[in-house]
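Chemist: Supplied structure: model_19.pdb, PDB, C-alpha atoms.
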ATOM      1  CA  MET L 566     -65.306 122.433  36.698
ATOM      2  CA  ALA L 567     -61.514 122.119  36.761
ATOM      3  CA  ARG L 568     -60.066 119.603  39.156
ATOM      4  CA  ARG L 569     -58.331 121.251  42.057
ATOM      5  CA  THR L 570     -54.610 120.734  42.323
ATOM      6  CA  LEU L 571     -53.018 120.646  45.736
ATOM      7  CA  LYS L 572     -50.180 123.136  46.023
ATOM      8  CA  ARG L 573     -50.475 125.086  49.233
ATOM      9  CA  ILE L 574     -50.564 123.448  52.640
ATOM     10  CA  LEU L 575     -50.896 125.174  55.985
ATOM     11  CA  LEU L 576     -49.243 123.130  58.735
ATOM     12  CA  VAL L 577     -50.341 123.935  62.286
ATOM     13  CA  GLU L 578     -48.093 122.129  64.768
ATOM     14  CA  ASP L 579     -46.618 123.378  68.038
ATOM     15  CA  ASP L 580     -43.672 120.967  68.301
ATOM     16  CA  PRO L 581     -40.645 122.447  66.464
ATOM     17  CA  ASP L 582     -39.129 119.003  65.841
ATOM     18  CA  ILE L 583     -42.266 117.765  64.146
ATOM     19  CA  GLN L 584     -42.678 121.072  62.293
ATOM     20  CA  THR L 585     -39.211 120.662  60.823
ATOM     21  CA  VAL L 586     -39.487 117.122  59.547
ATOM     22  CA  THR L 587     -43.086 117.504  58.367
ATOM     23  CA  SER L 588     -42.476 120.701  56.438
ATOM     24  CA  MET L 589     -39.352 119.161  54.915
ATOM     25  CA  ALA L 590     -41.285 116.079  53.812
ATOM     26  CA  LEU L 591     -44.110 118.131  52.334
ATOM     27  CA  GLY L 592     -41.868 120.694  50.688
ATOM     28  CA  SER L 593     -38.904 118.634  49.544
ATOM     29  CA  PHE L 594     -40.510 115.235  48.917
ATOM     30  CA  GLY L 595     -43.959 116.464  47.890
ATOM     31  CA  GLY L 596     -43.132 119.749  46.196
ATOM     32  CA  TYR L 597     -45.834 121.592  48.107
ATOM     33  CA  THR L 598     -45.635 125.166  49.279
ATOM     34  CA  VAL L 599     -45.877 124.907  53.046
ATOM     35  CA  HIS L 600     -46.602 127.601  55.581
ATOM     36  CA  VAL L 601     -45.901 126.544  59.158
ATOM     37  CA  CYS L 602     -47.730 127.931  62.179
ATOM     38  CA  GLY L 603     -46.884 127.032  65.752
ATOM     39  CA  SER L 604     -50.208 127.929  67.285
ATOM     40  CA  ALA L 605     -53.877 128.412  66.604
ATOM     41  CA  ALA L 606     -53.461 132.176  66.830
ATOM     42  CA  GLU L 607     -50.765 132.153  64.151
ATOM     43  CA  ALA L 608     -52.885 129.939  61.912
ATOM     44  CA  ILE L 609     -55.937 132.129  62.233
ATOM     45  CA  GLU L 610     -53.862 135.222  61.542
ATOM     46  CA  SER L 611     -52.095 133.888  58.470
ATOM     47  CA  ALA L 612     -54.745 131.666  56.858
ATOM     48  CA  ALA L 613     -56.530 134.450  55.009
ATOM     49  CA  GLU L 614     -53.271 135.669  53.510
ATOM     50  CA  PHE L 615     -51.734 132.277  52.686
ATOM     51  CA  LEU L 616     -54.971 130.814  51.300
ATOM     52  CA  PRO L 617     -54.165 127.134  51.777
ATOM     53  CA  GLU L 618     -55.838 124.422  49.755
ATOM     54  CA  LEU L 619     -55.326 122.009  52.639
ATOM     55  CA  ILE L 620     -54.724 122.425  56.358
ATOM     56  CA  LEU L 621     -52.824 119.902  58.466
ATOM     57  CA  LEU L 622     -53.801 120.473  62.064
ATOM     58  CA  ASP L 623     -52.250 119.100  65.240
ATOM     59  CA  VAL L 624     -54.843 118.289  67.896
ATOM     60  CA  MET L 625     -52.916 118.699  71.140
ATOM     61  CA  MET L 626     -51.585 122.227  71.264
ATOM     62  CA  PRO L 627     -51.213 124.526  74.244
ATOM     63  CA  GLY L 628     -53.903 127.153  74.444
ATOM     64  CA  MET L 629     -56.457 126.539  71.731
ATOM     65  CA  ASP L 630     -56.428 122.889  70.678
ATOM     66  CA  GLY L 631     -56.835 121.625  67.137
ATOM     67  CA  MET L 632     -60.573 121.139  67.331
ATOM     68  CA  ASP L 633     -61.209 124.672  68.560
ATOM     69  CA  THR L 634     -58.755 125.931  65.948
ATOM     70  CA  LEU L 635     -60.796 124.242  63.241
ATOM     71  CA  ARG L 636     -63.968 125.842  64.571
ATOM     72  CA  ALA L 637     -62.240 129.233  64.468
ATOM     73  CA  LEU L 638     -60.915 128.672  60.941
ATOM     74  CA  ARG L 639     -64.448 127.858  59.795
ATOM     75  CA  GLU L 640     -65.485 131.358  60.855
ATOM     76  CA  ILE L 641     -62.989 132.899  58.439
ATOM     77  CA  PRO L 642     -64.359 133.171  54.891
ATOM     78  CA  ALA L 643     -61.010 132.165  53.350
ATOM     79  CA  THR L 644     -60.934 128.856  55.236
ATOM     80  CA  ALA L 645     -64.634 128.248  55.798
ATOM     81  CA  SER L 646     -64.567 125.200  53.538
ATOM     82  CA  THR L 647     -60.844 124.393  53.295
ATOM     83  CA  PRO L 648     -60.317 120.671  53.871
ATOM     84  CA  VAL L 649     -58.579 119.835  57.136
ATOM     85  CA  ILE L 650     -56.605 116.750  58.101
ATOM     86  CA  PHE L 651     -55.901 116.217  61.775
ATOM     87  CA  LEU L 652     -52.429 115.007  62.772
ATOM     88  CA  THR L 653     -52.697 113.306  66.126
ATOM     89  CA  ALA L 654     -51.768 110.430  68.396
ATOM     90  CA  ARG L 655     -55.263 110.570  69.840
ATOM     91  CA  VAL L 656     -57.102 108.147  67.623
ATOM     92  CA  GLN L 657     -59.405 106.343  70.012
ATOM     93  CA  PRO L 658     -62.839 105.775  68.380
ATOM     94  CA  ALA L 659     -64.385 108.506  70.533
ATOM     95  CA  ASP L 660     -61.701 110.953  69.415
ATOM     96  CA  VAL L 661     -62.120 110.086  65.745
ATOM     97  CA  ALA L 662     -65.880 110.512  66.061
ATOM     98  CA  LYS L 663     -65.306 114.054  67.319
ATOM     99  CA  TYR L 664     -63.025 114.852  64.395
ATOM    100  CA  LYS L 665     -65.661 113.595  61.963
ATOM    101  CA  GLU L 666     -68.336 115.695  63.636
ATOM    102  CA  LEU L 667     -66.172 118.705  62.860
ATOM    103  CA  ASP L 668     -66.217 117.765  59.181
ATOM    104  CA  SER L 669     -62.508 117.046  58.969
ATOM    105  CA  LEU L 670     -61.341 115.326  55.819
ATOM    106  CA  ALA L 671     -59.202 112.656  57.498
ATOM    107  CA  VAL L 672     -56.955 111.817  60.414
ATOM    108  CA  ILE L 673     -53.275 110.940  60.077
ATOM    109  CA  ARG L 674     -51.984 109.103  63.072
ATOM    110  CA  LYS L 675     -48.827 110.203  64.853
ATOM    111  CA  PRO L 676     -46.176 109.047  64.760
ATOM    112  CA  PHE L 677     -46.036 108.884  60.995
ATOM    113  CA  GLU L 678     -43.209 107.912  58.710
ATOM    114  CA  PRO L 679     -41.950 111.090  56.984
ATOM    115  CA  THR L 680     -41.277 109.289  53.726
ATOM    116  CA  ALA L 681     -44.853 107.974  53.626
ATOM    117  CA  LEU L 682     -46.565 111.226  54.542
ATOM    118  CA  VAL L 683     -46.710 112.696  51.048
ATOM    119  CA  GLU L 684     -48.251 109.574  49.549
ATOM    120  CA  THR L 685     -50.805 109.422  52.352
ATOM    121  CA  ILE L 686     -51.810 113.016  51.749
ATOM    122  CA  GLN L 687     -51.923 112.542  47.991
ATOM    123  CA  ASN L 688     -54.258 109.591  48.396
ATOM    124  CA  ILE L 689     -56.543 111.524  50.725
ATOM    125  CA  TRP L 690     -56.517 114.484  48.352
ATOM    126  CA  ILE L 691     -57.344 112.395  45.293
ATOM    127  CA  ARG L 692     -60.271 110.815  47.108
ATOM    128  CA  TYR L 693     -61.494 114.225  48.248
ATOM    129  CA  ARG L 694     -61.102 115.748  44.811
ATOM    130  CA  ASP L 695     -62.919 112.879  43.102
ATOM    131  CA  GLU L 696     -65.759 112.993  45.594
ATOM    132  CA  ALA L 697     -66.045 116.766  45.295
ATOM    133  CA  HIS L 698     -66.343 116.741  41.526
TER     134      HIS L 698
ATOM    135  CA  MET N 304     -43.864 105.246  50.326
ATOM    136  CA  THR N 305     -42.224 108.101  48.429
ATOM    137  CA  ARG N 306     -39.059 107.077  46.594
ATOM    138  CA  LEU N 307     -36.379 109.517  47.656
ATOM    139  CA  THR N 308     -33.519 110.889  45.638
ATOM    140  CA  GLU N 309     -30.031 110.759  47.135
ATOM    141  CA  ALA N 310     -30.278 114.452  47.961
ATOM    142  CA  GLN N 311     -33.605 113.981  49.737
ATOM    143  CA  ARG N 312     -32.265 110.996  51.646
ATOM    144  CA  ALA N 313     -29.279 113.062  52.734
ATOM    145  CA  GLN N 314     -31.586 115.874  53.772
ATOM    146  CA  LEU N 315     -33.643 113.535  55.933
ATOM    147  CA  GLU N 316     -30.526 111.984  57.423
ATOM    148  CA  ALA N 317     -29.168 115.433  58.284
ATOM    149  CA  LEU N 318     -32.400 116.228  60.102
ATOM    150  CA  ARG N 319     -32.172 112.967  62.028
ATOM    151  CA  GLU N 320     -28.597 113.739  63.007
ATOM    152  CA  SER N 321     -29.617 117.183  64.141
ATOM    153  CA  TYR N 322     -32.408 115.683  66.227
ATOM    154  CA  ARG N 323     -30.006 113.121  67.663
ATOM    155  CA  ALA N 324     -27.624 115.902  68.687
ATOM    156  CA  GLU N 325     -30.445 117.509  70.654
ATOM    157  CA  LEU N 326     -31.365 114.322  72.514
ATOM    158  CA  PRO N 327     -29.077 114.928  75.531
ATOM    159  CA  ALA N 328     -30.658 118.342  76.067
ATOM    160  CA  LYS N 329     -34.117 116.816  75.874
ATOM    161  CA  LEU N 330     -33.153 114.211  78.466
ATOM    162  CA  ASP N 331     -31.652 116.888  80.724
ATOM    163  CA  LEU N 332     -34.894 118.854  80.568
ATOM    164  CA  ILE N 333     -36.939 115.805  81.506
ATOM    165  CA  ARG N 334     -34.477 114.877  84.268
ATOM    166  CA  GLY N 335     -34.848 118.360  85.717
ATOM    167  CA  THR N 336     -38.607 118.090  85.710
ATOM    168  CA  VAL N 337     -38.487 114.665  87.354
ATOM    169  CA  GLU N 338     -36.155 116.036  90.036
ATOM    170  CA  ALA N 339     -38.579 118.881  90.680
ATOM    171  CA  LEU N 340     -41.402 116.373  90.884
ATOM    172  CA  HIS N 341     -39.512 114.247  93.409
ATOM    173  CA  ALA N 342     -38.865 117.374  95.446
ATOM    174  CA  GLY N 343     -42.431 118.562  95.516
ATOM    175  CA  TRP N 344     -44.948 116.206  93.840
ATOM    176  CA  GLU N 345     -46.820 119.218  92.528
ATOM    177  CA  ARG N 346     -49.332 118.967  89.725
ATOM    178  CA  SER N 347     -47.622 121.716  87.744
ATOM    179  CA  HIS N 348     -44.444 119.602  87.592
ATOM    180  CA  LEU N 349     -46.464 116.573  86.590
ATOM    181  CA  GLN N 350     -48.176 118.513  83.812
ATOM    182  CA  ALA N 351     -44.793 119.810  82.628
ATOM    183  CA  LEU N 352     -43.434 116.268  82.588
ATOM    184  CA  TYR N 353     -46.443 115.053  80.625
ATOM    185  CA  ASP N 354     -46.060 117.844  78.060
ATOM    186  CA  GLN N 355     -42.320 117.204  77.617
ATOM    187  CA  ILE N 356     -42.636 113.462  77.402
ATOM    188  CA  HIS N 357     -45.636 113.583  75.064
ATOM    189  CA  LYS N 358     -43.568 115.567  72.581
ATOM    190  CA  LEU N 359     -40.649 113.191  72.934
ATOM    191  CA  THR N 360     -42.851 110.143  72.358
ATOM    192  CA  GLY N 361     -44.096 111.522  69.073
ATOM    193  CA  SER N 362     -40.997 113.193  67.721
ATOM    194  CA  ALA N 363     -38.578 110.372  68.600
ATOM    195  CA  ALA N 364     -40.709 107.879  66.676
ATOM    196  CA  ILE N 365     -40.985 110.179  63.655
ATOM    197  CA  TYR N 366     -37.214 110.660  63.615
ATOM    198  CA  GLY N 367     -36.608 106.923  63.852
ATOM    199  CA  PHE N 368     -35.618 106.550  67.503
ATOM    200  CA  GLY N 369     -38.074 103.824  68.333
ATOM    201  CA  ASP N 370     -36.564 102.659  71.641
ATOM    202  CA  ILE N 371     -36.647 106.154  73.078
ATOM    203  CA  SER N 372     -40.177 106.663  71.859
ATOM    204  CA  ARG N 373     -41.379 103.423  73.419
ATOM    205  CA  ALA N 374     -39.757 104.189  76.775
ATOM    206  CA  ALA N 375     -41.182 107.708  76.609
ATOM    207  CA  ALA N 376     -44.639 106.297  75.825
ATOM    208  CA  ASP N 377     -44.517 104.251  79.042
ATOM    209  CA  LEU N 378     -43.596 107.349  81.025
ATOM    210  CA  GLU N 379     -46.251 109.381  79.208
ATOM    211  CA  SER N 380     -48.841 106.788  80.131
ATOM    212  CA  TRP N 381     -47.716 106.945  83.753
ATOM    213  CA  ALA N 382     -47.958 110.752  83.779
ATOM    214  CA  LEU N 383     -51.386 110.623  82.184
ATOM    215  CA  GLN N 384     -52.684 108.239  84.808
ATOM    216  CA  ALA N 385     -51.144 110.345  87.569
ATOM    217  CA  LEU N 386     -52.783 113.486  86.179
ATOM    218  CA  ASP N 387     -56.139 111.776  85.927
ATOM    219  CA  SER N 388     -56.203 109.859  89.181
ATOM    220  CA  GLY N 389     -53.553 111.245  91.465
ATOM    221  CA  LEU N 390     -50.037 110.614  92.654
ATOM    222  CA  HIS N 391     -50.465 108.066  95.402
ATOM    223  CA  GLU N 392     -47.430 106.431  96.974
ATOM    224  CA  ALA N 393     -47.449 103.312  94.803
ATOM    225  CA  ARG N 394     -47.567 105.403  91.647
ATOM    226  CA  ARG N 395     -44.732 107.626  92.841
ATOM    227  CA  LEU N 396     -42.569 104.547  93.256
ATOM    228  CA  GLU N 397     -43.110 103.650  89.608
ATOM    229  CA  LEU N 398     -41.456 106.815  88.373
ATOM    230  CA  THR N 399     -37.848 105.857  89.100
ATOM    231  CA  PRO N 400     -37.829 102.606  87.083
ATOM    232  CA  LEU N 401     -39.661 104.291  84.206
ATOM    233  CA  MET N 402     -37.129 107.094  84.181
ATOM    234  CA  SER N 403     -34.288 104.559  84.329
ATOM    235  CA  ALA N 404     -35.749 102.767  81.316
ATOM    236  CA  LEU N 405     -35.891 106.051  79.417
ATOM    237  CA  GLN N 406     -32.294 106.875  80.274
ATOM    238  CA  GLU N 407     -31.283 103.383  79.210
ATOM    239  CA  ALA N 408     -33.018 103.902  75.866
ATOM    240  CA  PHE N 409     -31.140 107.165  75.405
ATOM    241  CA  SER N 410     -27.804 105.587  76.287
ATOM    242  CA  THR N 411     -28.238 102.632  73.933
ATOM    243  CA  THR N 412     -29.493 104.621  70.986
ATOM    244  CA  GLU N 413     -26.609 104.907  68.600
ATOM    245  CA  THR N 414     -28.237 104.660  65.213
ATOM    246  CA  PRO N 415     -31.496 106.203  64.014
ATOM    247  CA  GLY N 416     -33.876 103.408  63.248
ATOM    248  CA  ALA N 417     -31.998 100.944  65.427
ATOM    249  CA  GLY N 418     -34.947 100.664  67.714
ATOM    250  CA  GLY N 419     -37.380 100.594  64.849
ATOM    251  CA  PRO N 420     -39.358 103.593  63.699
ATOM    252  CA  GLY N 421     -42.487 103.007  64.694
ATOM    253  CA  ARG N 422     -45.775 102.599  65.974
ATOM    254  CA  VAL N 423     -45.777 103.657  69.551
ATOM    255  CA  ARG N 424     -47.760 101.672  71.993
ATOM    256  CA  ARG N 425     -49.878 104.091  73.977
ATOM    257  CA  ARG N 426     -51.659 102.684  76.951
ATOM    258  CA  GLY N 427     -53.876 105.621  77.652
ATOM    259  CA  SER N 428     -55.485 108.524  75.936
ATOM    260  CA  ARG N 429     -55.649 111.991  77.304
ATOM    261  CA  ALA N 430     -59.205 112.945  78.125
ATOM    262  CA  SER N 431     -58.405 116.602  78.402
ATOM    263  CA  ARG N 432     -55.381 118.754  78.602
TER     264      ARG N 432
END
For this file, produce the structure as C-alpha cells.
Modeler:
Amino acid sequence: MARRTLKRILLVEDDPDIQTVTSMALGSFGGYTVHVCGSAAEAIESAAEFLPELILLDVMMPGMDGMDTLRALREIPATASTPVIFLTARVQPADVAKYKELDSLAVIRKPFEPTALVETIQNIWIRYRDEAH
Amino acid sequence: MTRLTEAQRAQLEALRESYRAELPAKLDLIRGTVEALHAGWERSHLQALYDQIHKLTGSAAIYGFGDISRAAADLESWALQALDSGLHEARRLELTPLMSALQEAFSTTETPGAGGPGRVRRRGSRASR
C-alpha cells in the first residue's frame, strides 16, 4: 500500500486572528492546501467536497464545540476515518482523556508558535502514517 | 522549528503588524464590556467578557504579544471563576486591578515578542461553555 502524503488540511477555528496565522503557517511554510471553516456547520458542509487528509479542530467554538463537531464528521462517509488533531488551550488530563476517547490523533496546545506548527504536524503525521502502514 | 525564508519572515511580520494595529479596537471592545458589567453585573456581560478575553489570551500569545496574553489570562481566569461560582462583592472588586493590568500591558507593548511569545499561564479550565 502506498504511503499517504499529507496535502489537504481542513482547519476549523472560529477566531479570525488564529485562522489567519494558522492558515498562513500551513499554506506558506508547510505548502499544504488549507480550507478554513469558522464553525462546525461550515466544516460539516464542506468536508465532503474538500476531502481533507487531516482535520485541525478547535475545541471551544460557539454553538457546536470541537468534540461534537468530530462526532458529526464521523457520521459523514468522507470524513468517517479522517485523522483529527485538536487545537486547544484546554489540556487538563481530564480534557485530554476525552479527546482520546473520541479517537483523535493528537492534541496541539494553544497558544502555539506559528513557525513550529508545521514541524509539529509533520511529526504527528509521520507517526500516524508509519503506524497505519 | 521551520526555517523561514526572508519572504516568509516578512509575511509573518506583516501579519503581526496587522494584528498589532487591531489591538486598540480589541481593548475598546473589552473596555465596553467591562463598563457594561460594572453597570449591571449581568451574566450575559460576564459571558461576553469571558469569550472576548479568551480569544485575546490565545491570539495575543500566538502573535507574539506575551505581556498582553498573560494579563488577559489573569482576567480570563477571573471571568471563569465568576461564571462558575458567582460574582460576589470581593470578586467584583478584583476586576478593576485586573483590567488596569491589561491596559498597562497594552500600553507598554511596542514590539511583538517583547513580552515573550509564549506559554500562557492559565489558572483555571473551563468546565463547560
Chemist: Could you expand the PyMOL selection byres ((chain N) within 6 of (chain L)) into the explicit residues it covers here, written as a list in words?
Modeler: Met304, Thr305, Gly361, Ser362, Ala364 and Ile365 of chain N
Chemist: Take atom CA of N:Arg312 and atom CA of L:Ser588 and report the distance between them in Å, one decimal.
Modeler: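 According to the coordinates, atom CA of N:Arg312 and atom CA of L:Ser588 are separated by 14.9 Å.
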Chemist: Can you tell me which residues surround stretch 572-576 of chain L at a distance of at most 10 Å, considering only C-alpha atoms, apart from same-chain residues fewer than 6 positions away, and format the answer as a ChimeraX atom specification?
Modeler: /L:584,587-588,591-592,595-604,608,611-612,615-623,649-650,652
Chemist: Contacts of stretch 390-406 of chain N at 8 Å or less, counting only C-alpha atoms, minus same-chain residues fewer than 4 places along, as a PyMOL selection string?
Modeler: chain N and resi 330+344+371+374-375+377-378+381+385-386+410
Chemist: Rounded to one decimal place, report the atom CA of L:Ala643-atom CA of L:Ile673 distance in Å.
Modeler: 23.6 Å
Chemist: Suppose you want the space between atom CA of N:Glu379 and atom CA of N:Arg319; what is it in Å?
Modeler: 22.5 Å
Chemist: Could you please fill out stretch 351-363 of chain N with N, CA and C atoms and send it back as a JSON list (two decimals), keeping the file's coordinate frame?
Modeler:
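The file below, part-v5.json, is the result:
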[["chain", "number", "residue", "atom", "x", "y", "z"],
["N", 351, "ALA", "N", -45.97, 119.48, 83.44],
["N", 351, "ALA", "CA", -44.79, 119.81, 82.63],
["N", 351, "ALA", "C", -44.13, 118.54, 82.12],
["N", 352, "LEU", "N", -44.04, 117.54, 83.00],
["N", 352, "LEU", "CA", -43.43, 116.27, 82.59],
["N", 352, "LEU", "C", -44.27, 115.63, 81.48],
["N", 353, "TYR", "N", -45.57, 115.64, 81.65],
["N", 353, "TYR", "CA", -46.44, 115.05, 80.62],
["N", 353, "TYR", "C", -46.23, 115.76, 79.28],
["N", 354, "ASP", "N", -46.21, 117.08, 79.31],
["N", 354, "ASP", "CA", -46.06, 117.84, 78.06],
["N", 354, "ASP", "C", -44.72, 117.53, 77.38],
["N", 355, "GLN", "N", -43.66, 117.48, 78.18],
["N", 355, "GLN", "CA", -42.32, 117.20, 77.62],
["N", 355, "GLN", "C", -42.24, 115.79, 77.06],
["N", 356, "ILE", "N", -42.78, 114.87, 77.80],
["N", 356, "ILE", "CA", -42.64, 113.46, 77.40],
["N", 356, "ILE", "C", -43.56, 113.13, 76.23],
["N", 357, "HIS", "N", -44.71, 113.79, 76.19],
["N", 357, "HIS", "CA", -45.64, 113.58, 75.06],
["N", 357, "HIS", "C", -44.96, 113.99, 73.75],
["N", 358, "LYS", "N", -44.27, 115.12, 73.79],
["N", 358, "LYS", "CA", -43.57, 115.57, 72.58],
["N", 358, "LYS", "C", -42.47, 114.59, 72.20],
["N", 359, "LEU", "N", -41.74, 114.13, 73.21],
["N", 359, "LEU", "CA", -40.65, 113.19, 72.93],
["N", 359, "LEU", "C", -41.18, 111.89, 72.34],
["N", 360, "THR", "N", -42.27, 111.39, 72.87],
["N", 360, "THR", "CA", -42.85, 110.14, 72.36],
["N", 360, "THR", "C", -43.11, 110.26, 70.86],
["N", 361, "GLY", "N", -43.74, 111.35, 70.48],
["N", 361, "GLY", "CA", -44.10, 111.52, 69.07],
["N", 361, "GLY", "C", -42.90, 111.82, 68.18],
["N", 362, "SER", "N", -42.08, 112.77, 68.61],
["N", 362, "SER", "CA", -41.00, 113.19, 67.72],
["N", 362, "SER", "C", -39.92, 112.11, 67.59],
["N", 363, "ALA", "N", -39.62, 111.41, 68.69],
["N", 363, "ALA", "CA", -38.58, 110.37, 68.60],
["N", 363, "ALA", "C", -38.99, 109.28, 67.62]]
